[in-house]
Amino acid sequence: MQLPLVVGVDGSDASLQAVDWAVDEAARRGLPLRLVHGSRWERYDGAAPWTGVERPSERMPAEHVVASAAERAGRRNPEVKVSTEIVPEEAASALLHEGDNASVLVTGSRGRGELKGLLLGSVGLAVAARAHCPVIVVRGDKAGLAGTHGRILLGAGEPATGGEAVRFAFREAEARGCALDVVRTWRCPAHESTDRPAQAGDPAHDHEERASALLDALLHDAMADHPGVRVHRTTVEGTARKVLLNRSAAADLVIVGARRRQGRFGLQLGLVSHTLLHHADCPVAVVPVPV
């Protein structure tokens, strides 16, 4: 059974942009598309007559939201199987519940009614931080959204925790028939720096060699499983958030893993994920480490 690609819709421009992106993704991967609208107001529909006062003026009827999104998806690609669902819960909670039976969750960068100045809306951030499946926040410039660069960018984590993100990245690159850029950053702590030219045994050289060895270990199995994927591996001195953010301008999707921490709030996003979700020039995929 193929789990659907689930998209959160609320009638906003950002969610409609997410629908367009998700239709193309579903077609590439041969997945059904499920459009989900969550609204706490649905709990009260039928409980009492609407006087025109109780509901916010910006509220759109749920049926109209999902019907418009489904019509849009059908126009973009009539071959993609589309279903809809209206969930009587707050939007983030509705998507998180749907994510338990989804291959991927997709959201827009901002929801309806959220401030225009927000870099990432509260729903997208909450879903990316807590979902049990990969989450893709659709954002970025025109080239990144259109997928014209022909490359996927993967921020390489530790071999013990980054395997799921690697597998996701290889599947994505294979489905798109594009190159996969894998970047591992390294830094030489100030107390280890030296004024001597780089040579074997120097701190910088040692850190770069360690980063290269970690890349080898991380990619070995996936490269064997996906021999047709063109892989460009790079080790770069610097902070991961700055390096990946700069390189997102030449990518169609940037992928990072997210380590799950024990606690009531579930998955906690690190600085790298936060930076990309707010500023990347292309859609961002956050892939959690399975529990």
# chains A, B, ... in the order shown; residues from 1 in each chain; ligands from 1

call {"tool": "residues_around", "arguments": {"residues": "Glu158 (chain A)", "least_positions_apart": "6", "cutoff": "10 Å", "atoms": "only C-alpha atoms", "output": "JSON, numbers by chain"}}
result
{"A": [184, 211, 214, 215, 217, 218, 257]}

call {"tool": "residues_around", "arguments": {"residues": "Leu16 (chain A)", "least_positions_apart": "6", "cutoff": "12 Å", "atoms": "only C-alpha atoms", "output": "PyMOL selection string"}}
result
chain A and resi 7-10+22-23+35+65-73+76+106-112+138-139

call {"tool": "select_by_dssp", "arguments": {"residues": "region 148-233 of chain A", "states": "alpha helix (DSSP H)", "output": "JSON list (two decimals) with N, CA, C and O atoms, in the first residue's frame"}}
result
[["chain", "number", "residue", "atom", "x", "y", "z"],
["A", 163, "GLY", "N", 21.19, 8.49, 8.42],
["A", 163, "GLY", "CA", 20.89, 7.51, 7.38],
["A", 163, "GLY", "C", 19.54, 7.71, 6.72],
["A", 163, "GLY", "O", 19.41, 7.55, 5.50],
["A", 164, "GLU", "N", 18.53, 8.08, 7.49],
["A", 164, "GLU", "CA", 17.19, 8.24, 6.92],
["A", 164, "GLU", "C", 17.15, 9.41, 5.95],
["A", 164, "GLU", "O", 16.53, 9.34, 4.88],
["A", 165, "ALA", "N", 17.83, 10.51, 6.29],
["A", 165, "ALA", "CA", 17.88, 11.66, 5.39],
["A", 165, "ALA", "C", 18.63, 11.31, 4.11],
["A", 165, "ALA", "O", 18.25, 11.75, 3.02],
["A", 166, "VAL", "N", 19.67, 10.51, 4.23],
["A", 166, "VAL", "CA", 20.42, 10.07, 3.05],
["A", 166, "VAL", "C", 19.54, 9.24, 2.13],
["A", 166, "VAL", "O", 19.50, 9.46, 0.91],
["A", 167, "ARG", "N", 18.82, 8.29, 2.68],
["A", 167, "ARG", "CA", 17.94, 7.45, 1.86],
["A", 167, "ARG", "C", 16.86, 8.28, 1.19],
["A", 167, "ARG", "O", 16.52, 8.07, 0.02],
["A", 168, "PHE", "N", 16.31, 9.23, 1.92],
["A", 168, "PHE", "CA", 15.29, 10.12, 1.36],
["A", 168, "PHE", "C", 15.88, 10.92, 0.20],
["A", 168, "PHE", "O", 15.26, 11.07, -0.86],
["A", 169, "ALA", "N", 17.09, 11.44, 0.38],
["A", 169, "ALA", "CA", 17.73, 12.27, -0.65],
["A", 169, "ALA", "C", 18.02, 11.47, -1.91],
["A", 169, "ALA", "O", 17.82, 11.96, -3.03],
["A", 170, "PHE", "N", 18.49, 10.24, -1.76],
["A", 170, "PHE", "CA", 18.78, 9.42, -2.94],
["A", 170, "PHE", "C", 17.50, 9.06, -3.68],
["A", 170, "PHE", "O", 17.47, 9.07, -4.92],
["A", 171, "ARG", "N", 16.43, 8.76, -2.96],
["A", 171, "ARG", "CA", 15.15, 8.46, -3.62],
["A", 171, "ARG", "C", 14.65, 9.69, -4.38],
["A", 171, "ARG", "O", 14.13, 9.57, -5.49],
["A", 172, "GLU", "N", 14.81, 10.85, -3.78],
["A", 172, "GLU", "CA", 14.34, 12.08, -4.41],
["A", 172, "GLU", "C", 15.15, 12.38, -5.67],
["A", 172, "GLU", "O", 14.59, 12.73, -6.71],
["A", 173, "ALA", "N", 16.47, 12.25, -5.58],
["A", 173, "ALA", "CA", 17.32, 12.51, -6.75],
["A", 173, "ALA", "C", 17.03, 11.51, -7.86],
["A", 173, "ALA", "O", 17.02, 11.87, -9.05],
["A", 174, "GLU", "N", 16.78, 10.27, -7.50],
["A", 174, "GLU", "CA", 16.49, 9.25, -8.49],
["A", 174, "GLU", "C", 15.16, 9.53, -9.18],
["A", 174, "GLU", "O", 15.04, 9.40, -10.41],
["A", 175, "ALA", "N", 14.16, 9.93, -8.40],
["A", 175, "ALA", "CA", 12.84, 10.23, -8.98],
["A", 175, "ALA", "C", 12.90, 11.42, -9.92],
["A", 175, "ALA", "O", 12.20, 11.47, -10.94],
["A", 176, "ARG", "N", 13.76, 12.38, -9.62],
["A", 176, "ARG", "CA", 13.88, 13.58, -10.45],
["A", 176, "ARG", "C", 14.89, 13.41, -11.58],
["A", 176, "ARG", "O", 14.93, 14.22, -12.50],
["A", 203, "PRO", "N", 45.89, 20.70, 12.49],
["A", 203, "PRO", "CA", 44.50, 20.54, 12.94],
["A", 203, "PRO", "C", 43.48, 20.64, 11.82],
["A", 203, "PRO", "O", 42.56, 19.83, 11.73],
["A", 204, "ALA", "N", 43.61, 21.66, 10.93],
["A", 204, "ALA", "CA", 42.64, 21.82, 9.85],
["A", 204, "ALA", "C", 42.62, 20.60, 8.93],
["A", 204, "ALA", "O", 41.54, 20.12, 8.53],
["A", 205, "HIS", "N", 43.78, 20.10, 8.61],
["A", 205, "HIS", "CA", 43.87, 18.92, 7.75],
["A", 205, "HIS", "C", 43.19, 17.72, 8.41],
["A", 205, "HIS", "O", 42.46, 16.97, 7.75],
["A", 206, "ASP", "N", 43.42, 17.56, 9.70],
["A", 206, "ASP", "CA", 42.81, 16.44, 10.43],
["A", 206, "ASP", "C", 41.29, 16.53, 10.43],
["A", 206, "ASP", "O", 40.60, 15.52, 10.25],
["A", 207, "HIS", "N", 40.75, 17.72, 10.65],
["A", 207, "HIS", "CA", 39.30, 17.89, 10.67],
["A", 207, "HIS", "C", 38.69, 17.63, 9.30],
["A", 207, "HIS", "O", 37.62, 17.02, 9.19],
["A", 208, "GLU", "N", 39.35, 18.07, 8.25],
["A", 208, "GLU", "CA", 38.86, 17.84, 6.89],
["A", 208, "GLU", "C", 38.89, 16.36, 6.55],
["A", 208, "GLU", "O", 37.95, 15.83, 5.95],
["A", 209, "GLU", "N", 39.94, 15.68, 6.95],
["A", 209, "GLU", "CA", 40.04, 14.24, 6.70],
["A", 209, "GLU", "C", 38.94, 13.48, 7.45],
["A", 209, "GLU", "O", 38.35, 12.53, 6.93],
["A", 210, "ARG", "N", 38.65, 13.91, 8.66],
["A", 210, "ARG", "CA", 37.60, 13.26, 9.45],
["A", 210, "ARG", "C", 36.24, 13.48, 8.79],
["A", 210, "ARG", "O", 35.41, 12.56, 8.73],
["A", 211, "ALA", "N", 36.00, 14.69, 8.29],
["A", 211, "ALA", "CA", 34.73, 14.96, 7.61],
["A", 211, "ALA", "C", 34.59, 14.11, 6.36],
["A", 211, "ALA", "O", 33.50, 13.59, 6.06],
["A", 212, "SER", "N", 35.67, 13.93, 5.61],
["A", 212, "SER", "CA", 35.63, 13.11, 4.40],
["A", 212, "SER", "C", 35.35, 11.65, 4.74],
["A", 212, "SER", "O", 34.58, 10.98, 4.04],
["A", 213, "ALA", "N", 35.96, 11.15, 5.81],
["A", 213, "ALA", "CA", 35.74, 9.76, 6.23],
["A", 213, "ALA", "C", 34.29, 9.55, 6.66],
["A", 213, "ALA", "O", 33.68, 8.51, 6.38],
["A", 214, "LEU", "N", 33.70, 10.55, 7.34],
["A", 214, "LEU", "CA", 32.30, 10.46, 7.75],
["A", 214, "LEU", "C", 31.38, 10.43, 6.54],
["A", 214, "LEU", "O", 30.39, 9.69, 6.53],
["A", 215, "LEU", "N", 31.70, 11.22, 5.52],
["A", 215, "LEU", "CA", 30.91, 11.18, 4.30],
["A", 215, "LEU", "C", 30.97, 9.81, 3.64],
["A", 215, "LEU", "O", 29.94, 9.29, 3.18],
["A", 216, "ASP", "N", 32.15, 9.23, 3.59],
["A", 216, "ASP", "CA", 32.29, 7.90, 3.00],
["A", 216, "ASP", "C", 31.39, 6.89, 3.71],
["A", 216, "ASP", "O", 30.70, 6.09, 3.08],
["A", 217, "ALA", "N", 31.42, 6.92, 5.05],
["A", 217, "ALA", "CA", 30.62, 5.97, 5.83],
["A", 217, "ALA", "C", 29.13, 6.22, 5.64],
["A", 217, "ALA", "O", 28.33, 5.29, 5.55],
["A", 218, "LEU", "N", 28.74, 7.48, 5.57],
["A", 218, "LEU", "CA", 27.33, 7.84, 5.47],
["A", 218, "LEU", "C", 26.73, 7.45, 4.13],
["A", 218, "LEU", "O", 25.58, 7.03, 4.04],
["A", 219, "LEU", "N", 27.51, 7.57, 3.06],
["A", 219, "LEU", "CA", 26.98, 7.40, 1.71],
["A", 219, "LEU", "C", 27.18, 6.01, 1.13],
["A", 219, "LEU", "O", 26.58, 5.68, 0.11],
["A", 220, "HIS", "N", 28.00, 5.20, 1.75],
["A", 220, "HIS", "CA", 28.41, 3.92, 1.15],
["A", 220, "HIS", "C", 27.23, 3.06, 0.71],
["A", 220, "HIS", "O", 27.13, 2.66, -0.45],
["A", 221, "ASP", "N", 26.33, 2.77, 1.62],
["A", 221, "ASP", "CA", 25.22, 1.85, 1.31],
["A", 221, "ASP", "C", 24.25, 2.45, 0.29],
["A", 221, "ASP", "O", 23.80, 1.77, -0.64],
["A", 222, "ALA", "N", 23.92, 3.74, 0.45],
["A", 222, "ALA", "CA", 22.96, 4.38, -0.45],
["A", 222, "ALA", "C", 23.51, 4.46, -1.88],
["A", 222, "ALA", "O", 22.76, 4.29, -2.84],
["A", 223, "MET", "N", 24.80, 4.71, -2.03],
["A", 223, "MET", "CA", 25.38, 4.77, -3.37],
["A", 223, "MET", "C", 25.34, 3.41, -4.04],
["A", 223, "MET", "O", 25.12, 3.31, -5.25],
["A", 224, "ALA", "N", 25.49, 2.35, -3.26],
["A", 224, "ALA", "CA", 25.41, 1.00, -3.81],
["A", 224, "ALA", "C", 23.97, 0.67, -4.22],
["A", 224, "ALA", "O", 23.74, -0.01, -5.22],
["A", 225, "ASP", "N", 23.00, 1.17, -3.44],
["A", 225, "ASP", "CA", 21.59, 0.89, -3.72],
["A", 225, "ASP", "C", 21.04, 1.72, -4.87],
["A", 225, "ASP", "O", 20.05, 1.35, -5.50]]

call {"tool": "residues_around", "arguments": {"residues": "region 273-289 of chain A", "least_positions_apart": "4", "cutoff": "9 Å", "atoms": "only C-alpha atoms", "output": "number ranges by chain"}}
result
A: 106, 109, 118-120, 124-125, 128-145, 147, 161-165, 168, 241-242, 244-260, 267, 269

call {"tool": "residues_around", "arguments": {"residues": "Val183 (chain A)", "least_positions_apart": "4", "cutoff": "8 Å", "atoms": "only C-alpha atoms", "output": "number ranges by chain"}}
result
A: 153-156, 233-236, 244

call {"tool": "residues_around", "arguments": {"residues": "Asn101 (chain A)", "least_positions_apart": "3", "cutoff": "9 Å", "atoms": "only C-alpha atoms", "output": "MDAnalysis selection string"}}
result
chainID A and resid 3:4 6 97:98 104 133

call {"tool": "write_last_selection", "arguments": {"atoms": "all heavy atoms", "output": "PDB file, in the first residue's frame"}}
result
ATOM      1  N   LEU A   3       1.546   4.959   0.859  1.00  0.00           N
ATOM      2  CA  LEU A   3       1.064   6.033   1.714  1.00  0.00           C
ATOM      3  C   LEU A   3       1.019   7.326   0.912  1.00  0.00           C
ATOM      4  O   LEU A   3       1.899   7.598   0.095  1.00  0.00           O
ATOM      5  CB  LEU A   3       1.983   6.207   2.922  1.00  0.00           C
ATOM      6  CG  LEU A   3       2.008   5.050   3.921  1.00  0.00           C
ATOM      7  CD1 LEU A   3       3.006   5.342   5.038  1.00  0.00           C
ATOM      8  CD2 LEU A   3       0.621   4.814   4.501  1.00  0.00           C
ATOM      9  N   PRO A   4      -0.009   8.139   1.121  1.00  0.00           N
ATOM     10  CA  PRO A   4      -0.157   9.345   0.310  1.00  0.00           C
ATOM     11  C   PRO A   4       0.827  10.437   0.692  1.00  0.00           C
ATOM     12  O   PRO A   4       1.417  10.442   1.778  1.00  0.00           O
ATOM     13  CB  PRO A   4      -1.594   9.781   0.602  1.00  0.00           C
ATOM     14  CG  PRO A   4      -1.825   9.298   2.003  1.00  0.00           C
ATOM     15  CD  PRO A   4      -1.115   7.975   2.084  1.00  0.00           C
ATOM     16  N   VAL A   6       0.688  14.056   1.810  1.00  0.00           N
ATOM     17  CA  VAL A   6      -0.357  14.864   2.444  1.00  0.00           C
ATOM     18  C   VAL A   6       0.031  16.334   2.421  1.00  0.00           C
ATOM     19  O   VAL A   6       1.153  16.700   2.784  1.00  0.00           O
ATOM     20  CB  VAL A   6      -0.590  14.408   3.902  1.00  0.00           C
ATOM     21  CG1 VAL A   6      -1.546  15.362   4.617  1.00  0.00           C
ATOM     22  CG2 VAL A   6      -1.141  12.990   3.926  1.00  0.00           C
ATOM     23  N   HIS A  97      -1.560  14.451  12.939  1.00  0.00           N
ATOM     24  CA  HIS A  97      -2.297  13.182  12.974  1.00  0.00           C
ATOM     25  C   HIS A  97      -2.305  12.518  11.605  1.00  0.00           C
ATOM     26  O   HIS A  97      -2.121  11.304  11.474  1.00  0.00           O
ATOM     27  CB  HIS A  97      -3.730  13.413  13.462  1.00  0.00           C
ATOM     28  CG  HIS A  97      -3.815  13.743  14.918  1.00  0.00           C
ATOM     29  ND1 HIS A  97      -4.875  14.422  15.468  1.00  0.00           N
ATOM     30  CD2 HIS A  97      -2.968  13.501  15.946  1.00  0.00           C
ATOM     31  CE1 HIS A  97      -4.682  14.579  16.767  1.00  0.00           C
ATOM     32  NE2 HIS A  97      -3.532  14.025  17.070  1.00  0.00           N
ATOM     33  N   GLU A  98      -2.504  13.305  10.550  1.00  0.00           N
ATOM     34  CA  GLU A  98      -2.493  12.751   9.198  1.00  0.00           C
ATOM     35  C   GLU A  98      -1.101  12.230   8.834  1.00  0.00           C
ATOM     36  O   GLU A  98      -0.967  11.289   8.053  1.00  0.00           O
ATOM     37  CB  GLU A  98      -2.910  13.834   8.195  1.00  0.00           C
ATOM     38  CG  GLU A  98      -4.373  14.218   8.271  1.00  0.00           C
ATOM     39  CD  GLU A  98      -5.283  13.123   7.751  1.00  0.00           C
ATOM     40  OE1 GLU A  98      -4.888  12.411   6.811  1.00  0.00           O
ATOM     41  OE2 GLU A  98      -6.392  12.978   8.299  1.00  0.00           O
ATOM     42  N   VAL A 104       4.947  11.657   3.148  1.00  0.00           N
ATOM     43  CA  VAL A 104       5.539  12.983   3.349  1.00  0.00           C
ATOM     44  C   VAL A 104       4.417  13.962   3.678  1.00  0.00           C
ATOM     45  O   VAL A 104       3.302  13.836   3.154  1.00  0.00           O
ATOM     46  CB  VAL A 104       6.271  13.476   2.075  1.00  0.00           C
ATOM     47  CG1 VAL A 104       6.875  14.856   2.300  1.00  0.00           C
ATOM     48  CG2 VAL A 104       7.358  12.510   1.643  1.00  0.00           C
ATOM     49  N   CYS A 133       7.041  11.748  10.159  1.00  0.00           N
ATOM     50  CA  CYS A 133       7.446  11.465   8.779  1.00  0.00           C
ATOM     51  C   CYS A 133       8.182  12.687   8.228  1.00  0.00           C
ATOM     52  O   CYS A 133       8.165  13.758   8.847  1.00  0.00           O
ATOM     53  CB  CYS A 133       6.229  11.135   7.916  1.00  0.00           C
ATOM     54  SG  CYS A 133       5.125  12.548   7.644  1.00  0.00           S
TER      55      CYS A 133
END

call {"tool": "decode", "arguments": {"residues": "region 63-77 of chain A", "atoms": "all heavy atoms", "output": "PDB file, in the first residue's frame"}}
result
ATOM      1  N   GLU A  63     -15.358  23.453   3.049  1.00  0.00           N
ATOM      2  CA  GLU A  63     -15.655  22.746   1.812  1.00  0.00           C
ATOM      3  C   GLU A  63     -15.111  23.491   0.596  1.00  0.00           C
ATOM      4  O   GLU A  63     -14.628  22.883  -0.360  1.00  0.00           O
ATOM      5  CB  GLU A  63     -17.168  22.546   1.670  1.00  0.00           C
ATOM      6  CG  GLU A  63     -17.786  21.627   2.713  1.00  0.00           C
ATOM      7  CD  GLU A  63     -18.047  22.329   4.034  1.00  0.00           C
ATOM      8  OE1 GLU A  63     -17.812  23.567   4.109  1.00  0.00           O
ATOM      9  OE2 GLU A  63     -18.476  21.662   4.981  1.00  0.00           O
ATOM     10  N   HIS A  64     -15.195  24.803   0.644  1.00  0.00           N
ATOM     11  CA  HIS A  64     -14.683  25.610  -0.461  1.00  0.00           C
ATOM     12  C   HIS A  64     -13.157  25.520  -0.545  1.00  0.00           C
ATOM     13  O   HIS A  64     -12.593  25.452  -1.643  1.00  0.00           O
ATOM     14  CB  HIS A  64     -15.119  27.071  -0.287  1.00  0.00           C
ATOM     15  CG  HIS A  64     -14.550  27.988  -1.318  1.00  0.00           C
ATOM     16  ND1 HIS A  64     -14.954  27.973  -2.633  1.00  0.00           N
ATOM     17  CD2 HIS A  64     -13.579  28.938  -1.235  1.00  0.00           C
ATOM     18  CE1 HIS A  64     -14.278  28.876  -3.309  1.00  0.00           C
ATOM     19  NE2 HIS A  64     -13.428  29.481  -2.489  1.00  0.00           N
ATOM     20  N   VAL A  65     -12.507  25.509   0.612  1.00  0.00           N
ATOM     21  CA  VAL A  65     -11.044  25.435   0.649  1.00  0.00           C
ATOM     22  C   VAL A  65     -10.552  24.155  -0.016  1.00  0.00           C
ATOM     23  O   VAL A  65      -9.687  24.181  -0.903  1.00  0.00           O
ATOM     24  CB  VAL A  65     -10.528  25.508   2.104  1.00  0.00           C
ATOM     25  CG1 VAL A  65      -9.039  25.158   2.164  1.00  0.00           C
ATOM     26  CG2 VAL A  65     -10.752  26.896   2.685  1.00  0.00           C
ATOM     27  N   VAL A  66     -11.101  23.008   0.404  1.00  0.00           N
ATOM     28  CA  VAL A  66     -10.598  21.737  -0.129  1.00  0.00           C
ATOM     29  C   VAL A  66     -11.050  21.521  -1.569  1.00  0.00           C
ATOM     30  O   VAL A  66     -10.304  20.958  -2.380  1.00  0.00           O
ATOM     31  CB  VAL A  66     -11.019  20.551   0.762  1.00  0.00           C
ATOM     32  CG1 VAL A  66     -10.382  20.660   2.147  1.00  0.00           C
ATOM     33  CG2 VAL A  66     -12.530  20.433   0.883  1.00  0.00           C
ATOM     34  N   ALA A  67     -12.257  21.982  -1.907  1.00  0.00           N
ATOM     35  CA  ALA A  67     -12.735  21.812  -3.287  1.00  0.00           C
ATOM     36  C   ALA A  67     -11.896  22.639  -4.256  1.00  0.00           C
ATOM     37  O   ALA A  67     -11.537  22.166  -5.344  1.00  0.00           O
ATOM     38  CB  ALA A  67     -14.208  22.209  -3.382  1.00  0.00           C
ATOM     39  N   SER A  68     -11.546  23.860  -3.861  1.00  0.00           N
ATOM     40  CA  SER A  68     -10.730  24.712  -4.722  1.00  0.00           C
ATOM     41  C   SER A  68      -9.334  24.130  -4.896  1.00  0.00           C
ATOM     42  O   SER A  68      -8.771  24.147  -6.001  1.00  0.00           O
ATOM     43  CB  SER A  68     -10.632  26.122  -4.128  1.00  0.00           C
ATOM     44  OG  SER A  68     -11.893  26.743  -4.086  1.00  0.00           O
ATOM     45  N   ALA A  69      -8.780  23.595  -3.799  1.00  0.00           N
ATOM     46  CA  ALA A  69      -7.451  23.000  -3.876  1.00  0.00           C
ATOM     47  C   ALA A  69      -7.460  21.750  -4.748  1.00  0.00           C
ATOM     48  O   ALA A  69      -6.539  21.514  -5.539  1.00  0.00           O
ATOM     49  CB  ALA A  69      -6.951  22.655  -2.470  1.00  0.00           C
ATOM     50  N   ALA A  70      -8.516  20.941  -4.608  1.00  0.00           N
ATOM     51  CA  ALA A  70      -8.611  19.728  -5.413  1.00  0.00           C
ATOM     52  C   ALA A  70      -8.774  20.057  -6.900  1.00  0.00           C
ATOM     53  O   ALA A  70      -8.182  19.405  -7.771  1.00  0.00           O
ATOM     54  CB  ALA A  70      -9.781  18.875  -4.936  1.00  0.00           C
ATOM     55  N   GLU A  71      -9.563  21.082  -7.194  1.00  0.00           N
ATOM     56  CA  GLU A  71      -9.738  21.501  -8.584  1.00  0.00           C
ATOM     57  C   GLU A  71      -8.408  21.987  -9.166  1.00  0.00           C
ATOM     58  O   GLU A  71      -8.064  21.676 -10.305  1.00  0.00           O
ATOM     59  CB  GLU A  71     -10.780  22.614  -8.666  1.00  0.00           C
ATOM     60  CG  GLU A  71     -11.062  23.095 -10.083  1.00  0.00           C
ATOM     61  CD  GLU A  71     -12.062  24.231 -10.119  1.00  0.00           C
ATOM     62  OE1 GLU A  71     -12.524  24.663  -9.045  1.00  0.00           O
ATOM     63  OE2 GLU A  71     -12.368  24.702 -11.233  1.00  0.00           O
ATOM     64  N   ARG A  72      -7.671  22.727  -8.366  1.00  0.00           N
ATOM     65  CA  ARG A  72      -6.369  23.236  -8.808  1.00  0.00           C
ATOM     66  C   ARG A  72      -5.410  22.079  -9.089  1.00  0.00           C
ATOM     67  O   ARG A  72      -4.696  22.067 -10.090  1.00  0.00           O
ATOM     68  CB  ARG A  72      -5.801  24.153  -7.732  1.00  0.00           C
ATOM     69  CG  ARG A  72      -4.497  24.846  -8.116  1.00  0.00           C
ATOM     70  CD  ARG A  72      -3.974  25.659  -6.936  1.00  0.00           C
ATOM     71  NE  ARG A  72      -2.776  26.386  -7.246  1.00  0.00           N
ATOM     72  CZ  ARG A  72      -2.718  27.683  -7.552  1.00  0.00           C
ATOM     73  NH1 ARG A  72      -3.830  28.390  -7.613  1.00  0.00           N
ATOM     74  NH2 ARG A  72      -1.555  28.266  -7.808  1.00  0.00           N
ATOM     75  N   ALA A  73      -5.395  21.084  -8.183  1.00  0.00           N
ATOM     76  CA  ALA A  73      -4.524  19.923  -8.366  1.00  0.00           C
ATOM     77  C   ALA A  73      -4.889  19.165  -9.639  1.00  0.00           C
ATOM     78  O   ALA A  73      -4.018  18.722 -10.396  1.00  0.00           O
ATOM     79  CB  ALA A  73      -4.616  19.004  -7.150  1.00  0.00           C
ATOM     80  N   GLY A  74      -6.200  19.020  -9.886  1.00  0.00           N
ATOM     81  CA  GLY A  74      -6.643  18.308 -11.076  1.00  0.00           C
ATOM     82  C   GLY A  74      -6.255  19.011 -12.364  1.00  0.00           C
ATOM     83  O   GLY A  74      -5.917  18.365 -13.358  1.00  0.00           O
ATOM     84  N   ARG A  75      -6.306  20.335 -12.339  1.00  0.00           N
ATOM     85  CA  ARG A  75      -5.894  21.089 -13.527  1.00  0.00           C
ATOM     86  C   ARG A  75      -4.396  20.947 -13.781  1.00  0.00           C
ATOM     87  O   ARG A  75      -3.963  20.877 -14.932  1.00  0.00           O
ATOM     88  CB  ARG A  75      -6.240  22.573 -13.362  1.00  0.00           C
ATOM     89  CG  ARG A  75      -7.714  22.893 -13.428  1.00  0.00           C
ATOM     90  CD  ARG A  75      -7.942  24.377 -13.689  1.00  0.00           C
ATOM     91  NE  ARG A  75      -7.245  25.217 -12.721  1.00  0.00           N
ATOM     92  CZ  ARG A  75      -7.777  25.665 -11.598  1.00  0.00           C
ATOM     93  NH1 ARG A  75      -9.034  25.341 -11.288  1.00  0.00           N
ATOM     94  NH2 ARG A  75      -7.090  26.435 -10.780  1.00  0.00           N
ATOM     95  N   ARG A  76      -3.631  20.884 -12.714  1.00  0.00           N
ATOM     96  CA  ARG A  76      -2.170  20.809 -12.873  1.00  0.00           C
ATOM     97  C   ARG A  76      -1.733  19.453 -13.414  1.00  0.00           C
ATOM     98  O   ARG A  76      -0.853  19.366 -14.262  1.00  0.00           O
ATOM     99  CB  ARG A  76      -1.479  21.103 -11.546  1.00  0.00           C
ATOM    100  CG  ARG A  76       0.040  21.286 -11.704  1.00  0.00           C
ATOM    101  CD  ARG A  76       0.651  21.886 -10.474  1.00  0.00           C
ATOM    102  NE  ARG A  76       2.075  22.134 -10.639  1.00  0.00           N
ATOM    103  CZ  ARG A  76       2.600  23.276 -11.063  1.00  0.00           C
ATOM    104  NH1 ARG A  76       1.811  24.288 -11.386  1.00  0.00           N
ATOM    105  NH2 ARG A  76       3.910  23.429 -11.176  1.00  0.00           N
ATOM    106  N   ASN A  77      -2.350  18.392 -12.897  1.00  0.00           N
ATOM    107  CA  ASN A  77      -2.024  17.046 -13.398  1.00  0.00           C
ATOM    108  C   ASN A  77      -3.201  16.115 -13.133  1.00  0.00           C
ATOM    109  O   ASN A  77      -3.343  15.589 -12.021  1.00  0.00           O
ATOM    110  CB  ASN A  77      -0.762  16.500 -12.739  1.00  0.00           C
ATOM    111  CG  ASN A  77      -0.258  15.242 -13.419  1.00  0.00           C
ATOM    112  OD1 ASN A  77      -1.037  14.461 -13.966  1.00  0.00           O
ATOM    113  ND2 ASN A  77       1.044  15.021 -13.387  1.00  0.00           N
TER     114      ASN A  77
END
